[in-house]
file final10.cif (mmCIF, C-alpha atoms)
data_work
loop_
_atom_site.label_atom_id
_atom_site.label_comp_id
_atom_site.auth_asym_id
_atom_site.auth_seq_id
_atom_site.Cartn_x
_atom_site.Cartn_y
_atom_site.Cartn_z
CA MET X 22 -54.84 -14.27 -3.93
CA LYS X 23 -54.39 -11.60 -1.28
CA ARG X 24 -53.94 -14.21 1.44
CA GLY X 25 -51.35 -16.05 -0.66
CA PHE X 26 -49.39 -12.86 -1.20
CA ILE X 27 -49.39 -12.15 2.55
CA ILE X 28 -48.17 -15.67 3.31
CA LEU X 29 -45.44 -15.42 0.66
CA PHE X 30 -44.30 -12.05 2.03
CA PHE X 31 -44.24 -13.48 5.57
CA LEU X 32 -42.15 -16.46 4.46
CA ILE X 33 -39.68 -14.18 2.66
CA CYS X 34 -39.33 -12.11 5.83
CA LEU X 35 -38.58 -15.29 7.76
CA LEU X 36 -35.86 -16.45 5.36
CA PRO X 37 -33.00 -14.51 7.05
CA CYS X 38 -33.90 -16.06 10.43
CA VAL X 39 -34.10 -19.52 8.88
CA GLN X 40 -30.69 -19.01 7.27
CA MET X 41 -29.18 -17.97 10.60
CA LEU X 42 -30.71 -20.90 12.51
CA MET X 43 -29.96 -23.59 9.93
CA ASP X 44 -26.73 -22.08 8.55
CA LEU X 45 -27.99 -22.29 4.96
CA PRO X 46 -25.65 -21.26 2.11
CA ASP X 47 -25.25 -17.52 1.56
CA ALA X 48 -23.41 -15.49 -1.07
CA PRO X 49 -19.61 -15.31 -0.56
CA ALA X 50 -18.71 -13.29 2.51
CA VAL X 51 -17.90 -9.60 2.06
CA ALA X 52 -14.49 -8.42 3.24
CA GLU X 53 -15.34 -6.27 6.26
CA HIS X 54 -14.93 -6.01 10.03
CA LEU X 55 -17.89 -7.58 11.83
CA SER X 56 -18.97 -6.89 15.39
CA PRO X 57 -18.31 -9.68 17.94
CA LEU X 58 -20.91 -11.20 20.24
CA PRO X 59 -21.92 -9.00 23.20
CA ASP X 60 -19.43 -9.14 26.05
CA ALA X 61 -21.66 -7.33 28.55
CA GLU X 62 -23.82 -9.24 31.05
CA PHE X 63 -27.55 -8.63 30.57
CA ALA X 64 -28.26 -8.71 34.31
CA ASP X 65 -25.60 -6.08 35.04
CA THR X 66 -25.95 -3.71 32.10
CA PRO X 67 -29.11 -4.55 30.14
CA PHE X 68 -29.03 -1.39 27.98
CA VAL X 69 -25.39 -1.97 26.99
CA TRP X 70 -26.15 -5.61 26.22
CA LEU X 71 -29.15 -4.67 24.08
CA LYS X 72 -27.10 -2.10 22.17
CA GLN X 73 -24.26 -4.57 21.53
CA SER X 74 -26.75 -7.25 20.52
CA ASN X 75 -28.41 -4.93 18.04
CA ILE X 76 -25.04 -4.07 16.46
CA TRP X 77 -24.13 -7.76 16.30
CA PHE X 78 -27.46 -8.64 14.64
CA GLN X 79 -27.01 -5.90 12.03
CA ASP X 80 -23.67 -7.46 11.07
CA HIS X 81 -24.85 -11.09 11.08
CA PHE X 82 -28.48 -11.25 9.94
CA GLY X 83 -29.31 -13.97 7.44
CA TYR X 84 -28.36 -13.52 3.79
CA ARG X 85 -26.55 -10.30 4.65
CA SER X 86 -23.79 -10.97 2.10
CA PHE X 87 -26.40 -11.67 -0.59
CA PHE X 88 -28.24 -8.41 0.02
CA ILE X 89 -25.02 -6.36 0.14
CA ARG X 90 -23.83 -7.87 -3.12
CA LEU X 91 -27.24 -7.42 -4.72
CA LYS X 92 -27.31 -3.72 -3.83
CA GLU X 93 -23.74 -3.24 -5.11
CA GLN X 94 -24.66 -4.99 -8.37
CA ILE X 95 -27.73 -2.78 -8.88
CA ASP X 96 -25.74 0.39 -8.07
CA TYR X 97 -22.99 -0.59 -10.50
CA ASP X 98 -25.19 -1.80 -13.38
CA LEU X 99 -27.83 0.93 -13.23
CA PHE X 100 -26.02 3.95 -11.78
CA HIS X 101 -22.31 3.19 -12.41
CA THR X 102 -21.49 3.88 -8.77
CA SER X 103 -20.55 2.14 -5.52
CA SER X 104 -20.69 3.01 -1.84
CA ARG X 105 -16.97 2.29 -1.31
CA VAL X 106 -15.44 2.88 -4.72
CA TYR X 107 -15.45 5.61 -7.34
CA VAL X 108 -16.15 4.08 -10.75
CA GLY X 109 -14.25 6.22 -13.23
CA LYS X 110 -13.92 6.43 -16.98
CA ASP X 111 -12.97 3.27 -18.86
CA GLY X 112 -13.77 1.26 -15.73
CA GLN X 113 -10.90 2.72 -13.67
CA LEU X 114 -11.61 2.25 -9.96
CA PHE X 115 -10.54 4.51 -7.08
CA TYR X 116 -10.95 3.97 -3.33
CA ARG X 117 -13.40 6.52 -1.93
CA SER X 118 -11.59 6.31 1.41
CA VAL X 119 -8.32 7.42 -0.22
CA VAL X 120 -9.77 10.28 -2.25
CA ASP X 121 -12.34 11.54 0.27
CA ILE X 122 -10.63 10.89 3.63
CA GLU X 123 -6.97 9.86 3.58
CA GLN X 124 -5.61 12.41 1.10
CA PRO X 125 -7.39 15.33 2.85
CA GLU X 126 -6.09 14.06 6.21
CA ILE X 127 -2.48 14.10 4.95
CA GLN X 128 -3.10 17.50 3.38
CA GLU X 129 -4.10 18.81 6.81
CA ALA X 130 -1.22 17.03 8.55
CA LEU X 131 1.24 18.69 6.19
CA ARG X 132 -0.39 22.08 6.74
CA LEU X 133 0.17 21.70 10.48
CA HIS X 134 3.43 19.73 10.67
CA GLU X 135 5.35 19.99 7.40
CA ASP X 136 8.29 21.89 8.91
CA GLN X 137 8.55 19.44 11.81
CA ILE X 138 8.44 16.41 9.50
CA LEU X 139 11.18 17.78 7.26
CA ARG X 140 13.33 18.74 10.24
CA ASN X 141 13.09 15.25 11.70
CA VAL X 142 13.86 13.59 8.37
CA GLY X 143 16.97 15.78 8.25
CA ARG X 144 17.93 14.77 11.79
CA LEU X 145 17.76 11.09 10.91
CA ALA X 146 19.63 11.62 7.65
CA ASP X 147 22.46 13.43 9.47
CA ALA X 148 22.75 10.65 12.06
CA LEU X 149 22.90 7.99 9.34
CA ALA X 150 25.45 9.94 7.29
CA LYS X 151 27.82 10.24 10.27
CA ARG X 152 28.11 6.44 10.26
CA GLY X 153 28.39 6.05 6.50
CA VAL X 154 24.75 5.22 5.68
CA THR X 155 22.84 7.08 2.96
CA LEU X 156 19.15 7.87 3.50
CA ILE X 157 17.02 7.49 0.37
CA VAL X 158 13.38 8.59 0.48
CA THR X 159 10.75 7.96 -2.17
CA PHE X 160 7.01 8.59 -2.25
CA ASN X 161 4.42 6.95 -4.45
CA LEU X 162 1.52 9.22 -5.31
CA MET X 163 -1.92 7.67 -5.72
CA SER X 164 -3.40 6.91 -9.11
CA ASN X 165 -5.77 9.89 -9.10
CA ARG X 166 -2.71 12.19 -9.17
CA PHE X 167 -1.60 10.64 -12.48
CA ILE X 168 -4.93 10.05 -14.21
CA PRO X 169 -7.31 12.67 -12.75
CA GLU X 170 -9.15 12.76 -16.05
CA LYS X 171 -10.52 9.28 -15.27
CA LEU X 172 -12.16 10.32 -12.02
CA PRO X 173 -15.96 10.60 -12.27
CA GLY X 174 -17.38 14.09 -12.43
CA SER X 175 -18.97 13.72 -9.01
CA VAL X 176 -15.56 13.76 -7.27
CA PRO X 177 -14.83 17.20 -5.78
CA HIS X 178 -11.61 18.71 -7.15
CA PRO X 179 -9.86 20.87 -4.52
CA LEU X 180 -8.49 24.18 -5.69
CA GLY X 181 -4.75 24.67 -5.91
CA GLU X 182 -1.82 22.28 -6.05
CA PRO X 183 -1.92 19.39 -3.56
CA ARG X 184 0.27 20.10 -0.55
CA ILE X 185 2.09 16.80 -1.03
CA HIS X 186 3.78 18.25 -4.14
CA HIS X 187 5.18 21.17 -2.16
CA PHE X 188 6.31 18.78 0.58
CA LEU X 189 8.21 16.59 -1.86
CA GLN X 190 9.91 19.62 -3.42
CA ARG X 191 11.21 20.60 0.00
CA LEU X 192 12.14 17.02 0.86
CA ARG X 193 14.57 16.77 -2.04
CA GLN X 194 16.41 19.85 -0.77
CA ILE X 195 17.36 18.37 2.63
CA GLN X 196 21.05 17.77 3.08
CA ASN X 197 22.10 14.10 3.28
CA VAL X 198 18.76 12.95 1.82
CA ASP X 199 18.75 11.33 -1.62
CA TYR X 200 15.23 11.79 -2.95
CA PHE X 201 14.24 9.18 -5.53
CA ASP X 202 11.52 10.68 -7.73
CA THR X 203 9.16 7.91 -8.86
CA THR X 204 6.60 10.51 -9.96
CA ALA X 205 8.89 11.85 -12.69
CA ILE X 206 9.71 8.29 -13.81
CA LEU X 207 6.05 7.38 -14.24
CA GLN X 208 5.23 10.66 -15.97
CA ASP X 209 7.99 10.00 -18.50
CA MET X 210 6.78 6.50 -19.36
CA PRO X 211 5.26 5.95 -22.80
CA LYS X 212 1.58 6.73 -22.88
CA ASP X 213 0.75 3.24 -24.13
CA GLN X 214 2.03 1.70 -20.89
CA SER X 215 -0.59 1.41 -18.16
CA LEU X 216 0.64 2.84 -14.88
CA PHE X 217 -2.13 1.38 -12.71
CA PRO X 218 -4.46 -1.60 -13.14
CA LYS X 219 -8.12 -0.69 -13.39
CA THR X 220 -9.08 -2.80 -10.36
CA ASP X 221 -6.11 -2.13 -8.05
CA PHE X 222 -4.46 0.93 -6.54
CA HIS X 223 -0.88 -0.39 -6.79
CA TRP X 224 1.30 0.54 -9.72
CA THR X 225 1.69 -2.09 -12.41
CA ASP X 226 4.68 -4.42 -12.33
CA PHE X 227 5.85 -2.78 -15.56
CA ALA X 228 5.81 0.69 -13.99
CA ALA X 229 7.45 -0.58 -10.79
CA ALA X 230 10.18 -2.43 -12.69
CA THR X 231 10.90 0.68 -14.74
CA ALA X 232 11.37 2.61 -11.50
CA GLY X 233 13.51 -0.22 -10.13
CA ARG X 234 15.84 0.01 -13.11
CA GLU X 235 16.22 3.74 -12.60
CA LEU X 236 17.05 3.17 -8.93
CA ILE X 237 19.86 0.81 -9.97
CA ARG X 238 21.17 3.38 -12.45
CA VAL X 239 21.21 6.11 -9.79
CA LEU X 240 23.00 3.95 -7.24
CA ALA X 241 25.49 2.62 -9.80
CA GLU X 242 26.35 6.20 -10.71
CA LYS X 243 26.71 7.04 -7.02
CA GLU X 244 29.21 4.18 -6.63
CA ASN X 245 31.01 5.05 -9.89
CA ARG X 246 29.89 1.85 -11.56
CA ALA X 247 28.49 1.19 -15.00
CA PRO X 248 24.78 0.34 -14.86
CA PRO X 249 23.59 -3.03 -16.18
CA GLN X 250 22.90 -3.48 -19.87
CA TRP X 251 19.18 -4.03 -19.66
CA GLN X 252 17.17 -6.23 -21.97
CA PRO X 253 13.52 -5.37 -22.71
CA LEU X 254 11.23 -6.33 -19.86
CA GLN X 255 9.64 -9.73 -20.36
CA LYS X 256 5.90 -9.33 -20.08
CA ALA X 257 3.60 -11.90 -18.50
CA VAL X 258 -0.16 -11.73 -18.97
CA THR X 259 -2.49 -12.60 -16.09
CA PRO X 260 -6.03 -13.12 -17.43
CA ASN X 261 -9.05 -12.57 -15.22
CA TYR X 262 -7.11 -10.50 -12.70
CA SER X 263 -9.11 -8.79 -9.96
CA GLY X 264 -7.38 -6.30 -7.67
CA GLY X 265 -7.97 -5.00 -4.18
CA ILE X 266 -10.30 -2.16 -5.16
CA ALA X 267 -12.59 -4.63 -6.90
CA ASP X 268 -12.76 -6.58 -3.62
CA ALA X 269 -14.12 -3.44 -1.96
CA MET X 270 -17.00 -3.44 -4.45
CA PRO X 271 -18.49 -6.91 -3.84
CA LEU X 272 -20.78 -7.64 -6.77
CA LEU X 273 -23.34 -10.42 -6.76
CA LEU X 274 -22.18 -11.68 -10.16
CA GLY X 275 -18.51 -11.69 -9.15
CA ASN X 276 -15.72 -9.15 -8.94
CA LEU X 277 -14.75 -7.03 -11.92
CA ARG X 278 -11.81 -8.56 -13.79
CA GLU X 279 -9.25 -7.45 -16.31
CA GLU X 280 -6.17 -8.61 -18.15
CA LYS X 281 -3.09 -7.67 -16.15
CA ILE X 282 0.30 -7.18 -17.76
CA GLY X 283 3.06 -8.26 -15.40
CA ILE X 284 6.71 -9.09 -15.94
CA LEU X 285 8.88 -12.13 -15.48
CA PRO X 286 11.83 -12.02 -13.05
CA ASP X 287 14.91 -11.81 -15.23
CA ILE X 288 17.89 -11.21 -12.91
CA PRO X 289 19.38 -14.43 -11.51
CA ALA X 290 20.83 -14.57 -8.02
CA PRO X 291 24.62 -14.94 -7.73
CA ASP X 292 25.94 -18.41 -6.95
CA GLY X 293 25.74 -19.26 -3.27
CA ALA X 294 23.40 -16.38 -2.39
CA SER X 295 20.63 -16.92 0.18
CA GLU X 296 17.09 -15.59 -0.02
CA THR X 297 14.34 -15.81 2.60
CA ARG X 298 10.88 -14.30 2.88
CA ASP X 299 8.19 -13.66 5.47
CA ASP X 300 10.36 -13.48 8.56
CA ASP X 301 8.66 -12.07 11.66
CA THR X 302 10.28 -8.63 11.39
CA ILE X 303 12.38 -8.48 8.23
CA ASN X 304 10.00 -9.60 5.49
CA TYR X 305 12.65 -10.26 2.86
CA VAL X 306 16.36 -11.00 3.16
CA PHE X 307 18.79 -11.49 0.28
CA HIS X 308 22.49 -11.91 0.94
CA THR X 309 25.50 -12.98 -1.09
CA LYS X 310 27.72 -15.73 0.24
CA THR X 311 30.76 -13.43 0.24
CA TYR X 312 31.17 -9.76 -0.56
CA ASN X 313 31.09 -9.26 -4.33
CA PRO X 314 32.81 -6.02 -5.46
CA THR X 315 30.83 -6.03 -8.73
CA LEU X 316 27.52 -5.69 -6.87
CA LEU X 317 25.97 -2.66 -5.18
CA LYS X 318 26.36 -2.04 -1.47
CA PRO X 319 23.71 -3.59 0.82
CA MET X 320 20.35 -1.84 1.23
CA PHE X 321 17.74 -1.86 3.99
CA LEU X 322 14.32 -0.88 2.63
CA LEU X 323 11.47 0.18 4.91
CA GLY X 324 8.49 0.22 2.60
CA ASP X 325 4.81 -0.57 2.15
CA SER X 326 3.20 -2.85 -0.42
CA PHE X 327 4.41 -0.69 -3.32
CA SER X 328 8.03 -1.54 -2.47
CA PHE X 329 7.64 -5.17 -3.49
CA GLY X 330 6.83 -4.04 -7.02
CA LEU X 331 10.29 -2.49 -7.22
CA LEU X 332 11.73 -5.99 -6.86
CA SER X 333 9.49 -7.63 -9.46
CA GLU X 334 12.33 -7.99 -11.97
CA GLY X 335 14.73 -9.28 -9.33
CA ILE X 336 16.90 -6.18 -8.80
CA ALA X 337 17.65 -7.29 -5.22
CA HIS X 338 20.13 -9.70 -6.82
CA LEU X 339 22.23 -6.72 -7.93
CA PHE X 340 23.10 -5.90 -4.31
CA ASN X 341 25.46 -7.59 -1.86
CA GLY X 342 22.54 -7.59 0.53
CA PHE X 343 18.92 -6.49 0.40
CA TYR X 344 16.52 -6.36 3.35
CA ILE X 345 12.87 -5.30 3.46
CA MET X 346 10.81 -4.40 6.51
CA ARG X 347 7.12 -3.72 5.98
CA LEU X 348 5.98 -0.15 6.64
CA GLY X 349 2.41 -0.03 7.89
CA PRO X 350 0.17 2.61 9.49
CA ASN X 351 1.36 1.62 12.99
CA THR X 352 5.05 1.22 12.17
CA LEU X 353 7.40 3.62 13.92
CA ILE X 354 10.87 4.49 12.69
CA ASN X 355 12.57 3.23 15.85
CA GLN X 356 11.29 -0.28 15.09
CA ALA X 357 13.37 -0.25 11.92
CA MET X 358 16.45 0.95 13.77
CA VAL X 359 16.15 -1.92 16.26
CA VAL X 360 16.70 -4.44 13.44
CA PHE X 361 18.96 -2.30 11.24
CA PRO X 362 21.26 -4.75 9.33
CA PRO X 363 24.89 -4.14 10.31
CA ASP X 364 26.16 -4.25 6.71
CA ALA X 365 23.53 -1.91 5.16
CA LYS X 366 24.97 1.20 3.52
CA TYR X 367 21.66 2.47 2.17
CA PHE X 368 18.51 3.00 4.21
CA MET X 369 15.58 3.59 1.89
CA ILE X 370 12.13 4.67 3.06
CA GLN X 371 9.38 4.09 0.52
CA ALA X 372 5.86 5.28 1.31
CA ILE X 373 2.63 5.98 -0.48
CA GLU X 374 1.42 9.53 -0.02
CA VAL X 375 -1.22 8.47 2.54
CA GLN X 376 1.15 6.26 4.57
CA LYS X 377 0.42 7.23 8.16
CA GLY X 378 3.35 5.20 9.49
CA PHE X 379 5.76 7.66 7.90
CA PHE X 380 3.96 10.81 9.00
CA ASN X 381 3.26 9.53 12.52
CA SER X 382 6.95 8.81 13.03
CA PHE X 383 8.30 12.10 11.76
CA THR X 384 5.75 14.28 13.55
CA ASN X 385 7.04 12.80 16.80
CA ASP X 386 10.32 14.39 17.91
CA ASP X 387 10.81 11.86 20.72
CA GLU X 388 10.32 8.94 18.33
CA VAL X 389 13.00 10.24 15.98
CA THR X 390 15.33 10.87 18.95
CA ARG X 391 14.83 7.26 20.07
CA ALA X 392 15.47 6.04 16.53
CA ILE X 393 18.74 7.97 16.33
CA GLU X 394 19.87 6.71 19.74
CA THR X 395 19.03 3.13 18.76
CA PHE X 396 20.87 3.43 15.46
CA ASN X 397 23.96 4.87 17.14
CA GLN X 398 24.06 1.81 19.40
CA ARG X 399 23.77 -0.67 16.54
CA PRO X 400 27.00 -2.41 15.46
CA LEU X 401 27.87 -1.67 11.83
CA THR X 402 30.38 -3.36 9.57
CA ARG X 403 32.61 -1.41 7.24
#

call {"tool": "encode", "arguments": {"input": "final10.cif", "output": "structure tokens"}}
result
Amino acid sequence: MKRGFIILFFLICLLPCVQMLMDLPDAPAVAEHLSPLPDAEFADTPFVWLKQSNIWFQDHFGYRSFFIRLKEQIDYDLFHTSSRVYVGKDGQLFYRSVVDIEQPEIQEALRLHEDQILRNVGRLADALAKRGVTLIVTFNLMSNRFIPEKLPGSVPHPLGEPRIHHFLQRLRQIQNVDYFDTTAILQDMPKDQSLFPKTDFHWTDFAAATAGRELIRVLAEKENRAPPQWQPLQKAVTPNYSGGIADAMPLLLGNLREEKIGILPDIPAPDGASETRDDDTINYVFHTKTYNPTLLKPMFLLGDSFSFGLLSEGIAHLFNGFYIMRLGPNTLINQAMVVFPPDAKYFMIQAIEVQKGFFNSFTNDDEVTRAIETFNQRPLTR
């Protein structure tokens, strides 16, 4: 009996090596960055090679995905926790990296550079205004700002008001900046409307479309136009939806799922209009065949993944032109000025509160100077 147990234990220990050698089936891969094969030569740098090899083996040993998913499943089922995700009340998920790392980093960046950021936003706004372009800025706060009561009790709650609130109050006071307040829009939504899916950190299509309608109203008022006569949003149910946060908590029995309430696009494009997506630089382009005086002036939107929710109902079709460039953590403002559409009369920057691309640009005086110089050299149409 004892010998049999020892043999069984030995065979189990060999299983990962057998899986690696024979490429046997494993659990679905976990979304993560894995170390590459060693690039050092053993004969030249044996200690470096051994260190790289050890890191590679840790990332590629047999049945690694199975064991990761098994641990996550045990943590979730028995302890209602996860190494990468906060599991909140009613199954609401929050990225640990956002709550524990990214929000504190932006808090510190604002403590050190808030005045500089606001000054540079004002510089860009003034340069745009001189050539007839309006700068619109909007920030999307993370879900834990709206539903803090759903965070688990283990999450530390910093004392005092988050610095981002003070920053946004000052941002709306800058001359030539039109601040579009999505926070107030979401806070005013009926309590029975979900603002965020349980398994994703993006706002729901319903919340985004509500904000999109308000954006149209604000711009129509700015252009002395009557806003559209809206019909109730047409809801579309997506069963078994699993968002990005659920992907970060890879369970052995499959990702957590929920019923997602989306909306159906309900604004048709004008006759003869063109629409393209996924270009190398400009990710979305909508343009009317000829200028239509009943539509809003063209807009260039520099935004992250939240910005596409604004378009979920099809509000781009209410403009003579609509362009979107993706804002990422490595995007700099001058890159947007290089491709600035000549007919755009609105330049809108949309960013989540932890969007480093925005803060990196506007804490760099030289970058903003380059952006202004580039914009001033761009040909614009009246």

call {"tool": "residues_around", "arguments": {"input": "final10.cif", "residues": "Thr384 in chain X", "least_positions_apart": "2", "cutoff": "12 Å", "atoms": "only C-alpha atoms", "output": "MDAnalysis selection string"}}
result
chainID X and resid 127 130:131 133:142 353:354 377:382 386:390

call {"tool": "closest_atom_pairs", "arguments": {"input": "final10.cif", "of": "range 89-157 of chain X", "to": "range 210-226 of chain X", "cutoff": "12 Å", "atoms": "only C-alpha atoms", "output": "tab-separated table"}}
result
residue	atom	partner	partner_atom	distance
X:Val106	CA	X:Thr220	CA	10.2
X:Tyr107	CA	X:Thr220	CA	11.0
X:Val108	CA	X:Lys219	CA	9.7
X:Gly109	CA	X:Lys219	CA	9.2
X:Lys110	CA	X:Lys219	CA	9.9
X:Asp111	CA	X:Lys219	CA	8.3
X:Gly112	CA	X:Lys219	CA	6.4
X:Gln113	CA	X:Lys219	CA	4.4
X:Leu114	CA	X:Thr220	CA	5.7
X:Phe115	CA	X:Phe222	CA	7.1
X:Tyr116	CA	X:Phe222	CA	7.9
X:Arg117	CA	X:Phe222	CA	11.5
X:Ser118	CA	X:Phe222	CA	12.0
X:Val119	CA	X:Phe222	CA	9.8
X:Val120	CA	X:Phe222	CA	11.6

call {"tool": "residues_near_point", "arguments": {"input": "final10.cif", "point": "(13.8, 5.6, -10.9)", "cutoff": "10 Å", "atoms": "only C-alpha atoms", "output": "PyMOL selection string"}}
result
chain X and resi 159+201-207+228-239+331

call {"tool": "atom_distance", "arguments": {"input": "final10.cif", "atom1": "CA of Phe307 in chain X", "atom2": "CA of Asn197 in chain X"}}
result
26.0 Å

call {"tool": "atom_distance", "arguments": {"input": "final10.cif", "atom1": "CA of Ile373 in chain X", "atom2": "CA of Phe227 in chain X"}}
result
17.7 Å

call {"tool": "build_atoms", "arguments": {"input": "final10.cif", "residues": "range 171-198 of chain X", "atoms": "N, CA and C atoms", "output": "short mmCIF file (atom, residue, chain, number, x, y, z; two decimals), keeping the file's coordinate frame"}}
result
data_model
loop_
_atom_site.label_atom_id
_atom_site.label_comp_id
_atom_site.auth_asym_id
_atom_site.auth_seq_id
_atom_site.Cartn_x
_atom_site.Cartn_y
_atom_site.Cartn_z
N LYS X 171 -9.68 10.47 -15.35
CA LYS X 171 -10.52 9.28 -15.27
C LYS X 171 -11.41 9.25 -14.04
N LEU X 172 -11.25 10.23 -13.16
CA LEU X 172 -12.16 10.32 -12.02
C LEU X 172 -13.56 10.71 -12.50
N PRO X 173 -14.61 10.18 -11.87
CA PRO X 173 -15.96 10.60 -12.27
C PRO X 173 -16.20 12.06 -11.92
N GLY X 174 -17.11 12.67 -12.63
CA GLY X 174 -17.38 14.09 -12.43
C GLY X 174 -17.90 14.43 -11.06
N SER X 175 -18.42 13.45 -10.33
CA SER X 175 -18.97 13.72 -9.01
C SER X 175 -17.90 13.93 -7.95
N VAL X 176 -16.63 13.61 -8.25
CA VAL X 176 -15.56 13.76 -7.27
C VAL X 176 -15.19 15.24 -7.15
N PRO X 177 -15.21 15.79 -5.95
CA PRO X 177 -14.83 17.20 -5.78
C PRO X 177 -13.34 17.39 -6.07
N HIS X 178 -13.00 18.42 -6.82
CA HIS X 178 -11.61 18.71 -7.15
C HIS X 178 -11.17 19.93 -6.34
N PRO X 179 -10.31 19.74 -5.33
CA PRO X 179 -9.86 20.87 -4.52
C PRO X 179 -9.07 21.87 -5.35
N LEU X 180 -9.20 23.13 -4.98
CA LEU X 180 -8.49 24.18 -5.69
C LEU X 180 -7.02 24.20 -5.29
N GLY X 181 -6.17 24.54 -6.22
CA GLY X 181 -4.75 24.67 -5.91
C GLY X 181 -4.00 23.36 -6.02
N GLU X 182 -2.67 23.45 -5.96
CA GLU X 182 -1.82 22.28 -6.05
C GLU X 182 -1.87 21.50 -4.74
N PRO X 183 -1.93 20.18 -4.80
CA PRO X 183 -1.92 19.39 -3.56
C PRO X 183 -0.67 19.68 -2.74
N ARG X 184 -0.84 19.75 -1.44
CA ARG X 184 0.27 20.10 -0.55
C ARG X 184 1.40 19.08 -0.62
N ILE X 185 1.06 17.83 -0.96
CA ILE X 185 2.09 16.80 -1.03
C ILE X 185 3.16 17.15 -2.06
N HIS X 186 2.79 17.86 -3.13
CA HIS X 186 3.78 18.25 -4.14
C HIS X 186 4.79 19.24 -3.55
N HIS X 187 4.30 20.20 -2.79
CA HIS X 187 5.18 21.17 -2.16
C HIS X 187 6.09 20.49 -1.14
N PHE X 188 5.53 19.53 -0.40
CA PHE X 188 6.31 18.78 0.58
C PHE X 188 7.46 18.03 -0.08
N LEU X 189 7.18 17.37 -1.19
CA LEU X 189 8.21 16.59 -1.86
C LEU X 189 9.29 17.49 -2.47
N GLN X 190 8.92 18.67 -2.92
CA GLN X 190 9.91 19.62 -3.42
C GLN X 190 10.87 20.03 -2.32
N ARG X 191 10.35 20.23 -1.13
CA ARG X 191 11.21 20.60 0.00
C ARG X 191 12.03 19.41 0.49
N LEU X 192 11.46 18.22 0.40
CA LEU X 192 12.14 17.02 0.86
C LEU X 192 13.43 16.79 0.09
N ARG X 193 13.39 17.02 -1.22
CA ARG X 193 14.57 16.77 -2.04
C ARG X 193 15.70 17.77 -1.77
N GLN X 194 15.40 18.82 -1.05
CA GLN X 194 16.41 19.85 -0.77
C GLN X 194 17.15 19.61 0.55
N ILE X 195 16.74 18.61 1.33
CA ILE X 195 17.36 18.37 2.63
C ILE X 195 18.74 17.76 2.44
N GLN X 196 19.69 18.29 3.15
CA GLN X 196 21.05 17.77 3.08
C GLN X 196 21.09 16.33 3.59
N ASN X 197 21.89 15.51 2.94
CA ASN X 197 22.10 14.10 3.28
C ASN X 197 20.88 13.22 2.99
N VAL X 198 19.89 13.75 2.26
CA VAL X 198 18.76 12.95 1.82
C VAL X 198 18.82 12.81 0.30
#
